[in-house]
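structure-v2.txt (compact mmCIF, C-alpha atoms)
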# COMPACT_ATOMS: atom_id res chain seq x y z
CA MET A 14 32.83 -198.67 107.58
CA ALA A 15 36.21 -200.34 107.29
CA LEU A 16 38.69 -198.55 105.04
CA VAL A 17 41.32 -200.45 103.07
CA ASN A 18 45.04 -199.81 103.07
CA GLU A 19 45.12 -197.87 99.81
CA ASN A 20 48.79 -198.64 99.30
CA PHE A 21 47.68 -202.11 98.19
CA LEU A 22 45.72 -200.49 95.38
CA LYS A 23 48.95 -199.04 93.96
CA LEU A 24 50.31 -202.51 93.22
CA PRO A 25 50.20 -203.78 89.62
CA GLY A 26 47.25 -206.10 89.07
CA ASN A 27 49.21 -209.36 89.27
CA TYR A 28 52.42 -210.73 90.69
CA LEU A 29 55.02 -211.47 87.97
CA PHE A 30 54.75 -215.25 88.20
CA SER A 31 50.95 -215.11 88.21
CA ASP A 32 51.10 -213.32 84.84
CA ILE A 33 53.45 -215.98 83.51
CA ALA A 34 51.18 -218.78 84.74
CA LYS A 35 48.17 -217.25 82.97
CA LYS A 36 50.06 -217.03 79.68
CA VAL A 37 51.32 -220.60 80.00
CA ASN A 38 47.87 -221.96 80.85
CA ALA A 39 46.37 -220.18 77.84
CA PHE A 40 49.05 -221.73 75.63
CA LYS A 41 48.36 -225.22 76.98
CA VAL A 42 44.67 -224.87 76.18
CA THR A 43 45.36 -223.94 72.56
CA HIS A 44 48.33 -226.32 72.12
CA PRO A 45 47.37 -229.43 74.12
CA LYS A 46 49.84 -231.70 72.29
CA ASP A 47 52.92 -229.57 72.92
CA LYS A 48 55.20 -230.50 75.80
CA VAL A 49 55.91 -227.32 77.74
CA ILE A 50 59.32 -227.10 79.45
CA ASN A 51 59.20 -224.62 82.30
CA LEU A 52 62.52 -222.95 83.04
CA GLY A 53 60.79 -219.91 84.51
CA ILE A 54 59.85 -220.18 88.16
CA GLY A 55 62.65 -220.96 90.60
CA ASP A 56 61.02 -224.02 92.17
CA VAL A 57 63.04 -227.15 92.85
CA THR A 58 62.25 -230.52 91.27
CA ARG A 59 64.47 -233.05 93.06
CA PRO A 60 63.02 -235.12 95.94
CA LEU A 61 63.85 -234.11 99.49
CA PRO A 62 67.12 -235.44 100.93
CA LYS A 63 66.54 -238.84 102.53
CA ALA A 64 68.03 -237.68 105.83
CA ALA A 65 65.45 -234.88 106.05
CA CYS A 66 62.58 -237.21 105.14
CA ASP A 67 63.65 -239.77 107.74
CA ALA A 68 63.91 -237.07 110.40
CA MET A 69 60.44 -235.74 109.58
CA HIS A 70 58.97 -239.26 109.72
CA ARG A 71 60.44 -239.67 113.19
CA ALA A 72 59.00 -236.29 114.17
CA VAL A 73 55.55 -237.33 112.96
CA ASP A 74 55.81 -240.49 115.04
CA GLU A 75 56.68 -238.36 118.06
CA MET A 76 53.52 -236.35 117.53
CA SER A 77 51.45 -239.53 117.70
CA LYS A 78 52.47 -240.30 121.30
CA ALA A 79 51.39 -238.38 124.37
CA GLU A 80 54.83 -238.45 125.97
CA THR A 81 56.55 -236.92 122.91
CA PHE A 82 53.73 -234.80 121.48
CA ARG A 83 54.51 -231.11 120.99
CA GLY A 84 52.08 -228.21 120.65
CA TYR A 85 53.09 -224.62 120.25
CA GLY A 86 56.83 -224.28 119.87
CA PRO A 87 59.03 -221.26 120.54
CA GLU A 88 58.33 -218.45 118.07
CA GLN A 89 62.07 -218.07 117.54
CA GLY A 90 62.65 -221.73 116.69
CA TYR A 91 63.77 -224.82 118.60
CA PRO A 92 67.29 -224.72 120.10
CA PHE A 93 68.26 -227.95 118.31
CA LEU A 94 67.96 -226.13 114.97
CA THR A 95 69.38 -222.74 115.94
CA ASP A 96 72.40 -224.47 117.51
CA ALA A 97 72.97 -226.50 114.32
CA ILE A 98 72.73 -223.35 112.18
CA ILE A 99 75.28 -221.49 114.31
CA LYS A 100 77.69 -224.43 114.31
CA HIS A 101 77.56 -225.29 110.62
CA ASP A 102 76.61 -222.08 108.81
CA TYR A 103 78.49 -219.49 110.88
CA ALA A 104 81.03 -220.82 113.38
CA SER A 105 82.58 -222.87 110.56
CA ARG A 106 83.31 -219.54 108.82
CA GLY A 107 84.64 -217.83 111.91
CA ILE A 108 81.40 -215.93 112.60
CA SER A 109 80.21 -215.77 116.20
CA LEU A 110 76.43 -215.62 116.81
CA GLU A 111 74.23 -216.24 119.84
CA PRO A 112 71.16 -218.53 119.66
CA ASN A 113 68.73 -215.66 120.27
CA GLU A 114 70.09 -213.84 117.22
CA ILE A 115 68.59 -216.59 114.99
CA PHE A 116 64.87 -216.55 114.16
CA ILE A 117 63.47 -219.65 112.41
CA ASN A 118 60.70 -218.88 109.94
CA ASP A 119 58.50 -220.53 107.32
CA GLY A 120 60.73 -219.46 104.44
CA ALA A 121 62.84 -216.42 103.58
CA LYS A 122 60.08 -214.85 101.48
CA SER A 123 57.95 -214.31 104.59
CA ASP A 124 60.58 -212.44 106.55
CA THR A 125 61.93 -210.39 103.65
CA GLY A 126 58.37 -209.19 103.17
CA ASN A 127 57.55 -208.77 106.88
CA ILE A 128 60.78 -207.16 108.07
CA GLY A 129 59.38 -203.74 107.21
CA ASP A 130 56.81 -204.09 110.00
CA MET A 131 59.32 -202.61 112.44
CA LEU A 132 60.53 -199.79 110.16
CA ARG A 133 58.89 -196.39 109.65
CA HIS A 134 56.85 -195.77 106.51
CA ASP A 135 58.98 -192.77 105.49
CA ASN A 136 62.36 -194.51 105.33
CA SER A 137 63.99 -194.16 101.93
CA VAL A 138 64.67 -197.48 100.19
CA GLY A 139 67.41 -198.54 97.78
CA VAL A 140 67.36 -201.73 95.68
CA THR A 141 69.77 -203.23 93.23
CA ASP A 142 68.01 -203.44 89.89
CA PRO A 143 66.91 -205.96 88.63
CA ILE A 144 65.79 -207.67 91.84
CA TYR A 145 63.34 -210.11 93.45
CA PRO A 146 59.89 -208.40 93.18
CA VAL A 147 58.91 -209.06 96.82
CA TYR A 148 61.35 -206.42 98.08
CA ILE A 149 59.62 -203.62 96.20
CA ASP A 150 56.05 -204.89 96.46
CA SER A 151 56.24 -205.19 100.25
CA ASN A 152 57.43 -201.58 100.47
CA VAL A 153 54.60 -200.48 98.19
CA MET A 154 52.18 -202.12 100.65
CA ALA A 155 53.84 -200.27 103.54
CA GLY A 156 53.57 -196.89 101.82
CA ARG A 157 57.30 -196.35 101.28
CA ALA A 158 57.45 -196.64 97.50
CA GLY A 159 55.64 -193.49 96.38
CA VAL A 160 54.04 -193.41 92.93
CA LEU A 161 54.69 -195.68 89.95
CA GLU A 162 56.01 -193.54 87.09
CA ASN A 163 57.36 -194.97 83.83
CA GLY A 164 58.06 -198.35 85.43
CA LYS A 165 59.78 -196.93 88.53
CA TRP A 166 58.50 -196.06 92.00
CA SER A 167 59.20 -192.44 92.85
CA ASN A 168 60.55 -193.07 96.37
CA ILE A 169 62.67 -196.10 95.49
CA VAL A 170 66.34 -195.59 94.59
CA TYR A 171 67.20 -198.02 91.78
CA ILE A 172 70.85 -199.10 91.60
CA PRO A 173 71.42 -200.65 88.14
CA CYS A 174 73.26 -203.97 87.85
CA THR A 175 73.83 -204.71 84.17
CA ALA A 176 76.52 -206.04 81.87
CA GLU A 177 77.81 -202.47 81.50
CA ASN A 178 78.93 -202.34 85.16
CA ASP A 179 79.68 -206.07 85.44
CA PHE A 180 76.55 -206.49 87.61
CA THR A 181 78.28 -204.75 90.51
CA PRO A 182 76.09 -202.09 92.15
CA GLU A 183 77.59 -198.64 92.59
CA LEU A 184 77.04 -196.43 95.63
CA PRO A 185 73.88 -194.34 95.25
CA SER A 186 74.07 -190.60 94.65
CA ARG A 187 70.97 -190.07 96.78
CA ARG A 188 70.41 -190.70 100.48
CA ILE A 189 68.88 -194.08 101.45
CA ASP A 190 67.94 -195.52 104.84
CA ILE A 191 67.31 -199.14 103.86
CA LEU A 192 69.24 -201.14 101.25
CA TYR A 193 68.30 -204.54 99.81
CA LEU A 194 71.16 -206.73 98.61
CA CYS A 195 70.75 -210.29 97.29
CA PHE A 196 73.88 -212.31 96.51
CA PRO A 197 74.25 -214.72 94.83
CA ASN A 198 71.72 -212.66 92.96
CA ASN A 199 68.23 -213.57 91.91
CA PRO A 200 67.64 -213.03 88.98
CA THR A 201 71.08 -212.39 87.44
CA GLY A 202 72.94 -215.30 89.04
CA THR A 203 75.92 -213.02 89.67
CA THR A 204 77.91 -212.50 92.88
CA LEU A 205 79.77 -209.83 94.85
CA THR A 206 83.43 -210.12 95.75
CA LYS A 207 84.46 -209.65 99.36
CA ASP A 208 85.93 -206.23 98.52
CA ALA A 209 82.70 -205.10 96.85
CA LEU A 210 80.62 -206.27 99.81
CA LYS A 211 83.05 -204.57 102.20
CA MET A 212 82.46 -201.31 100.30
CA TRP A 213 78.72 -201.57 101.02
CA VAL A 214 79.21 -202.43 104.70
CA ASN A 215 81.52 -199.45 105.12
CA TYR A 216 79.01 -197.24 103.30
CA ALA A 217 76.27 -198.43 105.66
CA LEU A 218 78.42 -197.82 108.73
CA THR A 219 79.28 -194.30 107.57
CA ASN A 220 75.76 -193.34 106.52
CA ASP A 221 73.60 -195.19 109.08
CA VAL A 222 72.05 -197.44 106.44
CA LEU A 223 70.27 -200.71 107.31
CA ILE A 224 71.24 -203.53 104.92
CA LEU A 225 68.72 -206.31 104.32
CA TYR A 226 70.92 -209.08 102.94
CA ASP A 227 69.27 -212.04 101.19
CA ALA A 228 71.68 -215.00 101.08
CA ALA A 229 69.13 -217.65 100.07
CA TYR A 230 71.48 -219.05 97.39
CA GLU A 231 74.74 -219.03 99.33
CA ARG A 232 75.12 -222.83 99.19
CA TYR A 233 75.54 -222.59 95.41
CA ILE A 234 78.74 -220.55 95.69
CA ARG A 235 81.72 -222.43 94.28
CA ASP A 236 84.30 -219.67 94.08
CA PRO A 237 86.26 -219.73 97.38
CA ASP A 238 86.77 -215.95 97.22
CA ILE A 239 83.03 -215.15 97.24
CA PRO A 240 81.59 -214.48 100.74
CA HIS A 241 78.71 -216.71 101.88
CA SER A 242 77.54 -214.32 104.60
CA ILE A 243 77.63 -210.56 105.00
CA TYR A 244 78.93 -211.18 108.52
CA GLU A 245 82.24 -212.26 107.01
CA ILE A 246 82.80 -208.51 106.67
CA ARG A 247 83.99 -206.69 109.78
CA GLY A 248 81.32 -204.38 111.20
CA ALA A 249 78.41 -205.97 109.34
CA LYS A 250 76.64 -207.01 112.55
CA LYS A 251 76.09 -203.32 113.28
CA VAL A 252 74.28 -202.66 110.01
CA ALA A 253 72.86 -205.85 108.50
CA ILE A 254 70.05 -208.38 108.82
CA GLU A 255 70.64 -211.63 106.91
CA PHE A 256 67.99 -213.94 105.45
CA ARG A 257 68.58 -217.60 104.58
CA SER A 258 66.42 -220.45 103.38
CA PHE A 259 66.30 -224.24 103.26
CA SER A 260 64.10 -223.99 100.15
CA LYS A 261 66.86 -223.87 97.56
CA THR A 262 69.49 -225.43 99.82
CA ALA A 263 67.59 -228.65 100.57
CA GLY A 264 64.47 -228.53 98.42
CA PHE A 265 62.17 -227.23 101.15
CA THR A 266 60.00 -225.07 98.88
CA GLY A 267 56.96 -227.16 99.86
CA ILE A 268 58.03 -227.76 103.47
CA ARG A 269 58.69 -224.10 104.37
CA CYS A 270 61.63 -223.41 106.64
CA GLY A 271 64.26 -220.70 106.70
CA TYR A 272 65.78 -218.27 109.14
CA THR A 273 66.66 -214.63 109.73
CA VAL A 274 69.68 -213.34 111.63
CA VAL A 275 69.17 -210.12 113.61
CA PRO A 276 72.38 -209.34 115.53
CA LYS A 277 72.17 -207.77 118.97
CA GLU A 278 74.68 -205.13 117.87
CA LEU A 279 72.20 -203.78 115.32
CA ASN A 280 70.38 -200.63 116.42
CA GLU A 281 68.12 -198.11 114.71
CA PHE A 282 66.64 -194.90 116.05
CA THR A 283 63.43 -193.03 116.79
CA LEU A 284 62.77 -189.47 115.59
CA THR A 285 64.15 -188.27 118.92
CA ASP A 286 67.40 -190.24 118.38
CA ALA A 287 66.57 -192.87 120.98
CA LYS A 288 68.49 -196.07 120.23
CA VAL A 289 66.35 -199.16 119.59
CA PRO A 290 67.86 -202.70 119.36
CA LEU A 291 66.26 -204.37 116.34
CA ASN A 292 66.81 -207.83 117.81
CA GLN A 293 64.39 -207.06 120.63
CA LEU A 294 61.95 -205.35 118.30
CA TRP A 295 61.88 -208.26 115.83
CA ASN A 296 61.46 -210.74 118.68
CA ARG A 297 58.46 -208.76 119.91
CA ARG A 298 56.98 -208.70 116.43
CA GLN A 299 57.41 -212.46 116.00
CA CYS A 300 55.86 -213.25 119.37
CA THR A 301 52.80 -211.24 118.36
CA LYS A 302 52.33 -212.22 114.72
CA PHE A 303 53.99 -215.62 114.29
CA ASN A 304 53.35 -218.95 116.01
CA GLY A 305 56.58 -220.59 115.00
CA THR A 306 57.66 -222.98 112.27
CA SER A 307 56.39 -226.56 112.36
CA TYR A 308 58.34 -228.88 114.67
CA ILE A 309 58.31 -231.48 111.88
CA ALA A 310 59.84 -229.05 109.37
CA GLN A 311 62.49 -227.98 111.86
CA ARG A 312 63.53 -231.58 112.51
CA GLY A 313 63.87 -232.02 108.75
CA ALA A 314 66.01 -228.88 108.55
CA GLU A 315 68.20 -230.06 111.42
CA ALA A 316 68.92 -233.28 109.49
CA VAL A 317 70.37 -231.23 106.64
CA PHE A 318 73.41 -230.60 108.86
CA THR A 319 74.09 -234.28 109.67
CA PRO A 320 76.97 -235.93 107.78
CA GLU A 321 74.59 -237.91 105.55
CA GLY A 322 72.31 -234.91 105.10
CA ALA A 323 75.21 -232.69 104.04
CA VAL A 324 76.25 -235.22 101.39
CA GLN A 325 72.71 -235.53 100.05
CA VAL A 326 72.24 -231.75 99.91
CA GLN A 327 75.51 -231.34 98.04
CA GLU A 328 74.40 -233.98 95.54
CA GLN A 329 71.25 -231.95 94.87
CA ILE A 330 73.18 -228.72 94.46
CA ASP A 331 75.66 -230.41 92.11
CA TYR A 332 72.74 -231.73 90.06
CA TYR A 333 71.23 -228.26 89.62
CA MET A 334 74.59 -226.65 88.93
CA THR A 335 75.25 -229.23 86.22
CA ASN A 336 71.93 -228.16 84.70
CA ALA A 337 73.15 -224.57 84.90
CA GLN A 338 76.30 -225.42 82.98
CA ILE A 339 74.32 -227.33 80.34
CA LEU A 340 72.06 -224.31 79.86
CA LYS A 341 74.87 -221.78 79.90
CA ASN A 342 77.10 -223.67 77.48
CA GLY A 343 74.19 -224.29 75.14
CA LEU A 344 73.24 -220.62 75.00
CA LEU A 345 76.85 -219.50 74.64
CA SER A 346 77.20 -221.84 71.68
CA CYS A 347 74.39 -219.87 70.03
CA GLY A 348 76.52 -216.72 70.24
CA LEU A 349 74.43 -215.14 73.00
CA ASN A 350 75.67 -213.03 75.91
CA VAL A 351 75.05 -215.12 79.01
CA PHE A 352 75.78 -214.45 82.69
CA GLY A 353 75.39 -216.28 86.00
CA GLY A 354 75.25 -220.05 86.30
CA ASP A 355 78.67 -220.41 87.96
CA ASN A 356 77.83 -219.63 91.60
CA ALA A 357 74.03 -219.61 91.35
CA PRO A 358 71.30 -221.72 89.72
CA TYR A 359 70.13 -218.93 87.39
CA ILE A 360 71.14 -218.07 83.84
CA TRP A 361 70.74 -214.40 82.86
CA MET A 362 70.72 -213.96 79.09
CA GLN A 363 70.87 -210.76 77.08
CA THR A 364 68.03 -210.92 74.56
CA PRO A 365 69.13 -211.09 70.91
CA ASN A 366 69.25 -207.62 69.36
CA ARG A 367 67.93 -206.24 72.67
CA THR A 368 64.48 -207.64 71.93
CA LYS A 369 61.90 -206.64 74.56
CA SER A 370 61.86 -209.35 77.19
CA TRP A 371 58.09 -209.98 77.13
CA LYS A 372 58.24 -210.26 73.34
CA LEU A 373 60.95 -212.89 73.63
CA PHE A 374 58.86 -214.68 76.28
CA ASP A 375 55.90 -214.94 73.88
CA ARG A 376 58.03 -216.08 70.97
CA LEU A 377 59.82 -218.75 72.98
CA LEU A 378 56.53 -220.02 74.39
CA TYR A 379 54.71 -220.23 71.08
CA GLU A 380 57.64 -221.29 68.88
CA THR A 381 59.57 -223.63 71.22
CA ALA A 382 57.13 -224.35 74.11
CA ILE A 383 59.83 -223.18 76.55
CA VAL A 384 59.00 -220.91 79.49
CA GLY A 385 61.50 -218.46 80.92
CA THR A 386 61.11 -215.23 82.89
CA PRO A 387 61.14 -211.80 81.22
CA GLY A 388 63.91 -209.70 82.75
CA VAL A 389 61.79 -206.56 82.96
CA GLY A 390 59.59 -208.36 85.49
CA PHE A 391 62.47 -207.94 87.95
CA GLY A 392 62.84 -204.19 87.40
CA PRO A 393 63.60 -201.56 84.76
CA SER A 394 67.24 -202.62 84.34
CA GLY A 395 66.02 -206.13 83.53
CA GLU A 396 64.63 -205.02 80.18
CA GLY A 397 66.63 -206.62 77.42
CA TYR A 398 67.42 -209.67 79.55
CA PHE A 399 65.81 -213.05 80.18
CA ARG A 400 66.14 -215.53 83.06
CA PHE A 401 66.31 -219.30 82.88
CA THR A 402 66.35 -221.49 85.98
CA ALA A 403 68.48 -224.60 86.44
CA PHE A 404 65.96 -226.19 88.82
CA GLY A 405 64.35 -228.42 86.19
CA ASN A 406 65.13 -232.09 85.74
CA ARG A 407 68.06 -233.17 83.54
CA GLU A 408 65.96 -234.56 80.69
CA ASN A 409 63.96 -231.34 80.32
CA THR A 410 67.07 -229.19 80.61
CA GLU A 411 68.80 -231.08 77.82
CA GLU A 412 65.66 -231.04 75.67
CA ALA A 413 65.31 -227.30 76.23
CA VAL A 414 68.90 -226.69 75.11
CA TYR A 415 68.27 -228.79 71.98
CA ARG A 416 65.17 -226.73 71.15
CA LEU A 417 66.87 -223.41 71.90
CA LYS A 418 69.90 -224.23 69.73
CA LYS A 419 67.63 -225.20 66.88
CA TRP A 420 65.51 -222.06 67.30
CA PHE A 421 68.30 -219.53 67.72

What is this structure when it is put down as structure tokens?
Amino acid sequence: MALVNENFLKLPGNYLFSDIAKKVNAFKVTHPKDKVINLGIGDVTRPLPKAACDAMHRAVDEMSKAETFRGYGPEQGYPFLTDAIIKHDYASRGISLEPNEIFINDGAKSDTGNIGDMLRHDNSVGVTDPIYPVYIDSNVMAGRAGVLENGKWSNIVYIPCTAENDFTPELPSRRIDILYLCFPNNPTGTTLTKDALKMWVNYALTNDVLILYDAAYERYIRDPDIPHSIYEIRGAKKVAIEFRSFSKTAGFTGIRCGYTVVPKELNEFTLTDAKVPLNQLWNRRQCTKFNGTSYIAQRGAEAVFTPEGAVQVQEQIDYYMTNAQILKNGLLSCGLNVFGGDNAPYIWMQTPNRTKSWKLFDRLLYETAIVGTPGVGFGPSGEGYFRFTAFGNRENTEEAVYRLKKWF
């Protein structure tokens, strides 16, 4: 008989956002006349940039003709897109990368979850807390997390990021092999300074730690002193893999396209201390388990870097960041402690009187018909906090602030 991977059975019954959806659907059934405003899930609402749409239409037309039809593409991505990424996302910041260090994917979530395929099950893992649930859940599935005890996994090192330490993670007191960093941060909306990020790169270089750096929200950075890429730090290519996405940059949540950077300088080791280049290993994994991102999606992503595409993307980002300021200013006017929203599209609010975050979720849903995300869903240090997203439309954002002011 076939035996299951019992690590999957250790996972909580539902993914965070599935639990939220069930609660919201139950509310809609019992309150059919109430207009629900969802500021919970981080999905975009603006239409795709016209430049990307036009490019994808042209790509579809190509697929309709024998002379321009394309079947399987390269698992690593088409050169037209990898070249554009290097030119606009890295070379423009003084970062040198080679085309075969870029791997196009169907969204950053896939690769952040799959990257562990090439890492041993007994590596120790560190995460900033609170954090995107996929990082921990994927390690539970791989058998690295241990046992869930009092809301924490026994083999995961949690590095608190709260108001008390200005949301800046401190070096762990316990040995770790793999470290997840996400900045601008989901869910807190906070950032790391270049000096703080340099501290982590130096720590990784000294202690042979692999950094998995999620930069999905880097286009929302407005402070010129905040790094957009970990590779802005000297030595980072020797210790870090970087993940990026077109989902939040250009509204590709439904199109699916992102990329992962695995530098050739990055090596890990076997139990016998044999050096293994992770670039080659990840390429081998992708060739076996991934057939490449759609040609149509990649043409759309390429258009994001054209002059007109860049303007249209910036207009979208400005729209969402205006929403963030509307939300943040509205909550601050209620006397609440609010963080984020300046270099990221998320507002991280301390719950009034340290109310439990799921309790606040239920009250807001049933008393204001507003949906947010309970902070504890992102990890133990998220208890006592609540996340709002700026990805809604302007009318709903303004209506939500009106309701929240009245309620608080």

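Contact shell of Ile115 (chain A) at 9 Å (only C-alpha atoms; same-chain neighbours under 6 positions omitted): Gln89, Gly90, Thr95, Ile98, Ile99, Tyr272, Thr273, Val274, Val275 and Pro276 of chain A.
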
Take the selection from the previous step and output its residues with C-alpha atoms, as a tab-separated table (two decimals), keeping the file's coordinate frame.
chain	number	residue	atom	x	y	z
A	89	GLN	CA	62.07	-218.07	117.54
A	90	GLY	CA	62.65	-221.73	116.69
A	95	THR	CA	69.38	-222.74	115.94
A	98	ILE	CA	72.73	-223.35	112.18
A	99	ILE	CA	75.28	-221.49	114.31
A	272	TYR	CA	65.78	-218.27	109.14
A	273	THR	CA	66.66	-214.63	109.73
A	274	VAL	CA	69.68	-213.34	111.63
A	275	VAL	CA	69.17	-210.12	113.61
A	276	PRO	CA	72.38	-209.34	115.53

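Between Gln299 (chain A) and the residues A:Tyr103, A:Phe116, A:Trp420, A:Phe196, the shortest atom-to-atom distance, using only C-alpha atoms, involves A:Phe116.
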
Quick one: residues within 7 Å of region 362-369 of chain A, all atoms listed in the file, excluding same-chain residues fewer than 3 positions away - as a PyMOL selection string? chain A and resi 349-352+372-373+396-400

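Atom to atom, CA of Gly392 (chain A) and CA of Asp190 (chain A) stand 20.1 Å apart.
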
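Polymer residues near (67.3, -226.8, 99.1): counting all atoms listed in the file with a cut-off of 9 Å, they are Val57, Leu61, Pro62, Tyr230, Arg232, Ser258, Phe259, Ser260, Lys261, Thr262, Ala263, Gly264, Phe265, Thr266, Val326, Gln329 and Ile330 of chain A.
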
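Between CA of Ile50 (chain A) and CA of Gly405 (chain A) lies a distance of 8.5 Å.
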
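The closest residue to Leu291 (chain A), picked from A:Asp130, A:Glu412, A:Asp227, A:Glu111 and counting all atoms listed in the file, is A:Asp130.
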
Find the distance between CA of Gly343 (chain A) and CA of Glu408 (chain A) and write it in Å to one decimal. 14.3 Å

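Residue nearest Tyr359 (chain A), chosen from A:Gly84, A:Gly305, A:Gly385, A:Pro182 and counting all atoms listed in the file: A:Gly385.
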
All residues 8 Å or closer to Gly313 (chain A), all atoms listed in the file, same chain fewer than 4 positions away omitted, as a PDB file with C-alpha atoms, in the coordinates of the input:
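Writing the result to part_30.pdb gives the following:
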ATOM      1  CA  ALA A  64      68.030-237.680 105.830  1.00  0.00           C
ATOM      2  CA  ALA A  65      65.450-234.880 106.050  1.00  0.00           C
ATOM      3  CA  CYS A  66      62.580-237.210 105.140  1.00  0.00           C
ATOM      4  CA  ASP A  67      63.650-239.770 107.740  1.00  0.00           C
ATOM      5  CA  ALA A  68      63.910-237.070 110.400  1.00  0.00           C
ATOM      6  CA  MET A  69      60.440-235.740 109.580  1.00  0.00           C
ATOM      7  CA  ILE A 309      58.310-231.480 111.880  1.00  0.00           C
ATOM      8  CA  VAL A 317      70.370-231.230 106.640  1.00  0.00           C
TER       9      VAL A 317
END

Neighbour list for Asp375 (chain A) as a PyMOL selection string, cut-off 12 Å, all atoms listed in the file, skip fewer than 2 positions in-chain: chain A and resi 33+36-37+39-40+368-373+377-387+399

Which protein, DNA or RNA residues have an atom at most 10 Å from (73.9, -207.8, 85.3), counting only C-alpha atoms? List them as a ChimeraX atom specification. /A:142-143,173-182,198,200-204,351-353,361-363,394-395,398

I'd like the neighbourhood of region 238-242 of chain A as a list in words, where a residue qualifies if any of its atoms comes within 8 Å (using all atoms listed in the file), though same-chain residues fewer than 6 positions away should be ignored. Thr204, Leu205, Thr206, Lys207, Ala228, Glu231, Arg232 and Glu255 of chain A

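Between Lys277 (chain A) and the residues A:Pro197, A:Pro185, A:Pro112, A:Gly126, the shortest atom-to-atom distance, using all atoms listed in the file, involves A:Pro112.
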
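Using only C-alpha atoms for every distance, the candidate list A:Met76, A:Val389, A:Ala314, A:Ala403 yields A:Ala314 as the residue closest to Asp96 (chain A).
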
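Closest to Ile172 (chain A) among A:Gly86, A:Pro393, A:Pro237, A:Gly388 is A:Pro393, based on all atoms listed in the file.
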
File output for region 109-113 of chain A (all heavy atoms) as a PDB file, in the first residue's frame:
ATOM      1  N   SER A 109      25.610  43.193 -10.663  1.00  0.00           N
ATOM      2  CA  SER A 109      25.936  42.411 -11.855  1.00  0.00           C
ATOM      3  C   SER A 109      25.420  40.978 -11.700  1.00  0.00           C
ATOM      4  O   SER A 109      25.762  40.288 -10.736  1.00  0.00           O
ATOM      5  CB  SER A 109      27.447  42.401 -12.075  1.00  0.00           C
ATOM      6  OG  SER A 109      27.798  41.574 -13.149  1.00  0.00           O
ATOM      7  N   LEU A 110      24.594  40.542 -12.645  1.00  0.00           N
ATOM      8  CA  LEU A 110      24.088  39.162 -12.666  1.00  0.00           C
ATOM      9  C   LEU A 110      24.199  38.612 -14.076  1.00  0.00           C
ATOM     10  O   LEU A 110      24.164  39.368 -15.052  1.00  0.00           O
ATOM     11  CB  LEU A 110      22.625  39.104 -12.213  1.00  0.00           C
ATOM     12  CG  LEU A 110      22.320  39.353 -10.737  1.00  0.00           C
ATOM     13  CD1 LEU A 110      20.812  39.400 -10.516  1.00  0.00           C
ATOM     14  CD2 LEU A 110      22.952  38.295  -9.847  1.00  0.00           C
ATOM     15  N   GLU A 111      24.318  37.291 -14.190  1.00  0.00           N
ATOM     16  CA  GLU A 111      24.331  36.626 -15.485  1.00  0.00           C
ATOM     17  C   GLU A 111      22.945  36.056 -15.769  1.00  0.00           C
ATOM     18  O   GLU A 111      22.200  35.738 -14.829  1.00  0.00           O
ATOM     19  CB  GLU A 111      25.371  35.505 -15.488  1.00  0.00           C
ATOM     20  CG  GLU A 111      26.791  35.998 -15.307  1.00  0.00           C
ATOM     21  CD  GLU A 111      27.792  34.850 -15.283  1.00  0.00           C
ATOM     22  OE1 GLU A 111      27.442  33.755 -15.783  1.00  0.00           O
ATOM     23  OE2 GLU A 111      28.905  35.044 -14.762  1.00  0.00           O
ATOM     24  N   PRO A 112      22.570  35.946 -17.058  1.00  0.00           N
ATOM     25  CA  PRO A 112      21.227  35.449 -17.396  1.00  0.00           C
ATOM     26  C   PRO A 112      20.889  34.107 -16.756  1.00  0.00           C
ATOM     27  O   PRO A 112      19.743  33.888 -16.348  1.00  0.00           O
ATOM     28  CB  PRO A 112      21.274  35.349 -18.926  1.00  0.00           C
ATOM     29  CG  PRO A 112      22.259  36.392 -19.333  1.00  0.00           C
ATOM     30  CD  PRO A 112      23.314  36.376 -18.259  1.00  0.00           C
ATOM     31  N   ASN A 113      21.853  33.199 -16.656  1.00  0.00           N
ATOM     32  CA  ASN A 113      21.530  31.880 -16.097  1.00  0.00           C
ATOM     33  C   ASN A 113      21.520  31.854 -14.568  1.00  0.00           C
ATOM     34  O   ASN A 113      21.436  30.793 -13.966  1.00  0.00           O
ATOM     35  CB  ASN A 113      22.456  30.796 -16.643  1.00  0.00           C
ATOM     36  CG  ASN A 113      23.923  31.123 -16.466  1.00  0.00           C
ATOM     37  OD1 ASN A 113      24.286  32.089 -15.807  1.00  0.00           O
ATOM     38  ND2 ASN A 113      24.768  30.308 -17.083  1.00  0.00           N
TER      39      ASN A 113
END
